[in-house]
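Written below as structure tokens is the structure these notes are about.
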Number of protein chains: 2
Amino acid sequence: MAQETEAAADVRKVACGACTLAQLCLPVGIDEAGLTLLDHAIRRHRPIRRRSLLFQAGQPFRSLYAVRSGSVKTFLPAADGGERITGFRLPGELLGLDAIHSGRHPCAARALESTSVCELPFERFESLCGDVPTLLRRMLRIMSQEILQEEGLLAQISNRSGEQRLVAFLLNLSARFRRRGFSAREFNLSMSRADIGNYLGLAKETVSRLFARLQAEGLIQVAGRQVRLLDELGLHRRLAGD
Amino acid sequence: MAQETEAAADVRKVACGACTLAQLCLPVGIDEAGLTLLDHAIRRHRPIRRRSLLFQAGQPFRSLYAVRSGSVKTFLPAADGGERITGFRLPGELLGLDAIHSGRHPCAARALESTSVCELPFERFESLCGDVPTLLRRMLRIMSQEILQEEGLLAQISNRSGEQRLVAFLLNLSARFRRRGFSAREFNLSMSRADIGNYLGLAKETVSRLFARLQAEGLIQVAGRQVRLLDELGLHRRLAGD
DNA sequence: CGAATCCTTGAACACCTTCAACAGGGGTGG
DNA sequence: CCACCCCTGTTGAAGGTGTTCAAGGATTCG
């Protein structure tokens, strides 16, 4: 217990330049001087618990957040009290980009497991952009990538069968884990079947059945939230519609 | 004919500050000095014809484009020669934001009717951001809005019935026409039923049937590509799932 | 005016959803 | 520490919604 607290304290002291996520996160391509400035602007939070909200929908937008460890889901609250999940964020990914426009968070963000984040006050970020031109370039690229991803997701959701959607989801997760140095073949899902279904536009029962079918066909192996990709080539073929 | 050419020539001389789209397009919130700089960076093109490509998928990214008049569809070419439509752009909207990340256009863009655009070389835009801080702020907001729109679209596509998707599409178009000073109750669709279906994840036959049904129920009136919204409140109720 | 594209309508079928029941497992409180 | 309970996941059957295939009609453009 004391160990954990100590470790957490250590992690919170790690500067952006020394962070294991520096090659994925905002710092990519920023020179050392800029990194120091960025470093001073960032608030490193202690881990938040599973199920707790990082911010609510409608809340005024003050800061961007970067996931340091754990994972987060973002969702739009629906009229009937339900939610529409808009995305899942892994370490090194940013939260709050959709709030810049209106100055309010359109989505809420909830931790799927114990999760720690870095907070970057947006006003300081904007003034920093004036001093650190590479920071501006980096942010434009991150936002462009975000737009691109949403476009790709949209193309995969509409006009694709449930099986293809789930395969696309798994391969997307796999690629993101790979970039983070985790295994791309075997990983844990931090979200429930209901969350996956909500995100992909499928009923949770359908997700469950699709997992079973992909396993029966020898493409994957599933045990609860533990997933192993057995035949990546076959999965890619399914995605293409073969 | 001579008149048309003359008018086109005139339009091409209009500065950003004098453009009727200045309140929608990139210039929003930019001071006069910045506007002059922006003005000099922009190339105003002669109209391109219906069906012609503004840029191809995979092409190197050099410039952002703003629609001045007409409309454009953007789409990802699919493996089988088909296309996945990612969006429709109206006057005052930007094209190419998804290309900043990789330096290549992931989507192609095709004119749906006779369309004119303004071209903004991206390198000049980036250096301009250093001189005109409000320009940077504006671009961050535009990109944030784009991310937000894609999120909203995704939420509407997945987990919604075909009818709800089509209603959402019509109301979205209506709101965008309103902002541009056109009628929000009666407008022309510049895209085909097949394009709408492709975009919404429905077969073109389904789109046709849904139009017929909405008309039979007295919510809209359709004649080919001419649409009139008869009961906007009723349409909003349909969207909510009533 | 002809050709091509776009739109509409019909019928059969596949896929996914909904409703329902049950099993397992992790967290909480006693 | 254990028991209970709620949450999560699984499986079955019936029904609805949208797709596919097919054909004919309308509109537009050269």
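Just so we're on the same page: first chain in the structure tokens is A, next is B, and so on; residues restart at 1 for each chain, and ligands are numbered from 1 in the order they show up.
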
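Distance criterion 9 Å to chain D, applied with only C-alpha atoms (C1' of nucleotides), yields Ser161, Gly162, Leu202, Ala203, Glu205 and Thr206 of chain B on chain B.
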
12 Å contact set for Gly181 of chain B, only C-alpha atoms (C1' of nucleotides), chain neighbours under 2 positions out, as a list in words =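 Listed by chain and then number, they are Thr20, Leu21, Gln23, Leu24, Pro91, Gly92, Ser174, Ala175, Arg176, Phe177, Arg178, Arg179, Ser183, Ala184, Arg185 and Phe187 of chain B.
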
Using DSSP on the backbone, list every residue of segment 66-195 of chain A that comes out as helix (DSSP H, G or I), and give them as an MDAnalysis selection string.
-> chainID A and resid 97:99 122:131 133:157 162:179 193:195

Can I get the residues of chain A within 6 Å of chain B, each with the closest pair of atoms and their distance in Å to one decimal, using only C-alpha atoms, sorted chain first then ascending number, as a tab-separated table?
```
residue	atom	partner	partner_atom	distance
A:Leu97	CA	B:Ser144	CA	5.8
A:Asp98	CA	B:Ser144	CA	4.9
A:Ile100	CA	B:Ser144	CA	5.6
A:His101	CA	B:Arg141	CA	4.4
A:Arg141	CA	B:His101	CA	4.4
A:Ser144	CA	B:Asp98	CA	4.8
A:Gln145	CA	B:His101	CA	5.3
A:Ile147	CA	B:Ile147	CA	5.5
A:Leu148	CA	B:Asp98	CA	5.0
A:Ser158	CA	B:Gly201	CA	4.3
A:Asn159	CA	B:Gly201	CA	4.6
A:Gly201	CA	B:Ser158	CA	4.3
```

Writing out the chosen residues with N, CA and C atoms as a CSV table (one decimal), in the first residue's frame:
```
chain,number,residue,atom,x,y,z
A,97,LEU,N,-11.1,18.0,-26.8
A,97,LEU,CA,-10.9,18.8,-28.1
A,97,LEU,C,-12.3,19.2,-28.6
A,98,ASP,N,-13.3,18.5,-28.4
A,98,ASP,CA,-14.6,18.9,-28.9
A,98,ASP,C,-15.3,20.0,-28.1
A,100,ILE,N,-13.6,23.0,-27.3
A,100,ILE,CA,-13.0,24.3,-27.6
A,100,ILE,C,-14.0,25.2,-28.3
A,101,HIS,N,-14.7,24.6,-29.2
A,101,HIS,CA,-15.6,25.4,-30.0
A,101,HIS,C,-16.6,26.2,-29.2
A,141,ARG,N,-2.1,19.1,-36.0
A,141,ARG,CA,-2.0,17.7,-36.4
A,141,ARG,C,-2.8,16.8,-35.6
A,144,SER,N,-6.4,17.3,-36.5
A,144,SER,CA,-6.7,16.7,-37.8
A,144,SER,C,-6.8,15.2,-37.8
A,145,GLN,N,-5.9,14.6,-37.0
A,145,GLN,CA,-6.0,13.2,-36.8
A,145,GLN,C,-7.3,12.7,-36.2
A,147,ILE,N,-10.2,14.3,-36.4
A,147,ILE,CA,-11.2,14.4,-37.5
A,147,ILE,C,-11.2,13.2,-38.4
A,148,LEU,N,-9.9,12.8,-38.7
A,148,LEU,CA,-9.7,11.7,-39.6
A,148,LEU,C,-10.3,10.4,-39.0
A,158,SER,N,-21.4,2.8,-40.6
A,158,SER,CA,-22.5,2.8,-41.5
A,158,SER,C,-22.2,1.8,-42.6
A,159,ASN,N,-23.2,1.1,-43.1
A,159,ASN,CA,-23.0,0.2,-44.2
A,159,ASN,C,-22.1,-1.0,-44.0
A,201,GLY,N,-23.3,0.7,-32.2
A,201,GLY,CA,-24.7,0.7,-32.6
A,201,GLY,C,-25.3,-0.7,-32.7
```

Would you please work out which residue, of B:Arg237, B:Arg228, B:His105, B:Lys204, is nearest to chain C when using only C-alpha atoms (C1' of nucleotides)?
->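 Among B:Arg237, B:Arg228, B:His105, B:Lys204, it is B:Lys204 that comes nearest to chain C.
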
Can you tell me how far atom CA of Ala66 of chain A sits from atom CA of Glu119 of chain A, in Å to one decimal?
-> 6.6 Å

Please identify every residue of chain C that has at least one atom no more than 12 Å from any atom of chain B, counting only C-alpha atoms (C1' of nucleotides), and report them as a list in words.
->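 On the chain C side, the interface is DT5, DC6, DC7, DT8, DT9, DG10, DC16 and DT17 of chain C.
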
If you keep N, CA and C atoms (P, O5', C5', C4', C3', O3' and C1' of nucleotides), can you produce a file of those selected residues as a PDB file, in the first residue's frame?
```pdb
ATOM      1  P    DT C   5     -24.592   6.416 -67.166  1.00  0.00           P
ATOM      2  O5'  DT C   5     -25.165   7.241 -65.923  1.00  0.00           O
ATOM      3  C5'  DT C   5     -25.340   8.649 -66.039  1.00  0.00           C
ATOM      4  C4'  DT C   5     -26.562   9.091 -65.283  1.00  0.00           C
ATOM      5  C3'  DT C   5     -26.670   8.507 -63.868  1.00  0.00           C
ATOM      6  O3'  DT C   5     -26.663   9.584 -62.949  1.00  0.00           O
ATOM      7  C1'  DT C   5     -28.751   8.441 -64.994  1.00  0.00           C
ATOM      8  P    DC C   6     -26.621   9.296 -61.368  1.00  0.00           P
ATOM      9  O5'  DC C   6     -28.141   9.521 -60.950  1.00  0.00           O
ATOM     10  C5'  DC C   6     -28.817  10.691 -61.379  1.00  0.00           C
ATOM     11  C4'  DC C   6     -30.286  10.549 -61.069  1.00  0.00           C
ATOM     12  C3'  DC C   6     -30.586  10.051 -59.652  1.00  0.00           C
ATOM     13  O3'  DC C   6     -31.480  10.960 -59.034  1.00  0.00           O
ATOM     14  C1'  DC C   6     -31.806   8.805 -61.252  1.00  0.00           C
ATOM     15  P    DC C   7     -31.839  10.787 -57.481  1.00  0.00           P
ATOM     16  O5'  DC C   7     -33.260  10.080 -57.523  1.00  0.00           O
ATOM     17  C5'  DC C   7     -34.328  10.737 -58.206  1.00  0.00           C
ATOM     18  C4'  DC C   7     -35.491   9.791 -58.344  1.00  0.00           C
ATOM     19  C3'  DC C   7     -35.972   9.162 -57.024  1.00  0.00           C
ATOM     20  O3'  DC C   7     -37.272   9.677 -56.734  1.00  0.00           O
ATOM     21  C1'  DC C   7     -35.894   7.581 -58.808  1.00  0.00           C
ATOM     22  P    DT C   8     -37.994   9.260 -55.394  1.00  0.00           P
ATOM     23  O5'  DT C   8     -38.843   7.986 -55.839  1.00  0.00           O
ATOM     24  C5'  DT C   8     -39.836   8.128 -56.860  1.00  0.00           C
ATOM     25  C4'  DT C   8     -40.414   6.779 -57.215  1.00  0.00           C
ATOM     26  C3'  DT C   8     -41.028   5.999 -56.045  1.00  0.00           C
ATOM     27  O3'  DT C   8     -42.422   5.853 -56.306  1.00  0.00           O
ATOM     28  C1'  DT C   8     -39.688   4.599 -57.434  1.00  0.00           C
ATOM     29  P    DT C   9     -43.434   5.548 -55.139  1.00  0.00           P
ATOM     30  O5'  DT C   9     -43.640   3.971 -55.294  1.00  0.00           O
ATOM     31  C5'  DT C   9     -44.035   3.436 -56.551  1.00  0.00           C
ATOM     32  C4'  DT C   9     -43.789   1.949 -56.602  1.00  0.00           C
ATOM     33  C3'  DT C   9     -44.196   1.162 -55.346  1.00  0.00           C
ATOM     34  O3'  DT C   9     -45.270   0.305 -55.695  1.00  0.00           O
ATOM     35  C1'  DT C   9     -42.124   0.415 -56.244  1.00  0.00           C
ATOM     36  P    DG C  10     -46.036  -0.569 -54.616  1.00  0.00           P
ATOM     37  O5'  DG C  10     -45.381  -2.010 -54.821  1.00  0.00           O
ATOM     38  C5'  DG C  10     -45.489  -2.669 -56.077  1.00  0.00           C
ATOM     39  C4'  DG C  10     -44.761  -3.995 -56.041  1.00  0.00           C
ATOM     40  C3'  DG C  10     -45.026  -4.837 -54.791  1.00  0.00           C
ATOM     41  O3'  DG C  10     -45.462  -6.138 -55.189  1.00  0.00           O
ATOM     42  C1'  DG C  10     -42.691  -4.661 -55.216  1.00  0.00           C
ATOM     43  P    DC C  16     -25.905  -8.427 -38.376  1.00  0.00           P
ATOM     44  O5'  DC C  16     -26.891  -7.715 -37.357  1.00  0.00           O
ATOM     45  C5'  DC C  16     -27.523  -6.500 -37.735  1.00  0.00           C
ATOM     46  C4'  DC C  16     -28.702  -6.245 -36.823  1.00  0.00           C
ATOM     47  C3'  DC C  16     -28.368  -6.287 -35.335  1.00  0.00           C
ATOM     48  O3'  DC C  16     -28.657  -5.012 -34.782  1.00  0.00           O
ATOM     49  C1'  DC C  16     -30.340  -7.553 -35.824  1.00  0.00           C
ATOM     50  P    DT C  17     -28.659  -4.796 -33.176  1.00  0.00           P
ATOM     51  O5'  DT C  17     -30.183  -4.947 -32.792  1.00  0.00           O
ATOM     52  C5'  DT C  17     -31.148  -4.167 -33.491  1.00  0.00           C
ATOM     53  C4'  DT C  17     -32.516  -4.354 -32.870  1.00  0.00           C
ATOM     54  C3'  DT C  17     -32.552  -4.165 -31.349  1.00  0.00           C
ATOM     55  O3'  DT C  17     -33.676  -3.342 -31.027  1.00  0.00           O
ATOM     56  C1'  DT C  17     -33.388  -6.327 -31.940  1.00  0.00           C
TER      57       DT C  17
END
```

Got a sec: who's within 6 Å of Ala108 of chain A, counting only C-alpha atoms (C1' of nucleotides), leaving out chain neighbours fewer than 3 positions off, as a list in words?
-> Phe55, Gln56, Ala57, Thr74 and Phe75 of chain A

What is the atom CA of Arg43 of chain B to atom CA of Arg62 of chain B distance in Å?
->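 That distance, rounded to one decimal, is 12.6 Å.
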
Quick one: pick out all strand (DSSP E) residues within segment 32-85 of chain A from a backbone DSSP run and write them as JSON, numbers by chain.
-> {"A": [43, 44, 53, 54, 55, 63, 64, 65, 66, 67, 68, 69, 72, 73, 74, 75, 76, 77, 83, 84, 85]}

Please write the residues from the selection above to a file, keeping C-alpha atoms, as a PDB file, in the first residue's frame.
```
ATOM      1  CA  ARG A  43      -1.100  19.774 -13.574  1.00  0.00           C
ATOM      2  CA  ARG A  44      -0.589  16.108 -12.842  1.00  0.00           C
ATOM      3  CA  LEU A  53     -16.441  11.332 -13.768  1.00  0.00           C
ATOM      4  CA  LEU A  54     -13.531  13.386 -15.055  1.00  0.00           C
ATOM      5  CA  PHE A  55     -15.967  16.053 -16.243  1.00  0.00           C
ATOM      6  CA  SER A  63      -8.648  22.468 -19.630  1.00  0.00           C
ATOM      7  CA  LEU A  64      -7.614  19.752 -21.986  1.00  0.00           C
ATOM      8  CA  TYR A  65      -6.752  16.396 -20.412  1.00  0.00           C
ATOM      9  CA  ALA A  66      -4.297  13.731 -21.497  1.00  0.00           C
ATOM     10  CA  VAL A  67      -4.708  10.161 -20.319  1.00  0.00           C
ATOM     11  CA  ARG A  68      -1.540   9.043 -18.552  1.00  0.00           C
ATOM     12  CA  SER A  69      -2.641   5.556 -17.537  1.00  0.00           C
ATOM     13  CA  VAL A  72     -11.766   6.633 -20.233  1.00  0.00           C
ATOM     14  CA  LYS A  73     -15.042   6.612 -22.127  1.00  0.00           C
ATOM     15  CA  THR A  74     -16.659   9.807 -23.415  1.00  0.00           C
ATOM     16  CA  PHE A  75     -20.405   9.965 -23.951  1.00  0.00           C
ATOM     17  CA  LEU A  76     -23.317  12.244 -24.698  1.00  0.00           C
ATOM     18  CA  PRO A  77     -26.117  11.908 -22.126  1.00  0.00           C
ATOM     19  CA  GLU A  83     -25.882   7.586 -22.881  1.00  0.00           C
ATOM     20  CA  ARG A  84     -24.382   7.566 -26.369  1.00  0.00           C
ATOM     21  CA  ILE A  85     -20.722   6.599 -26.154  1.00  0.00           C
TER      22      ILE A  85
END
```
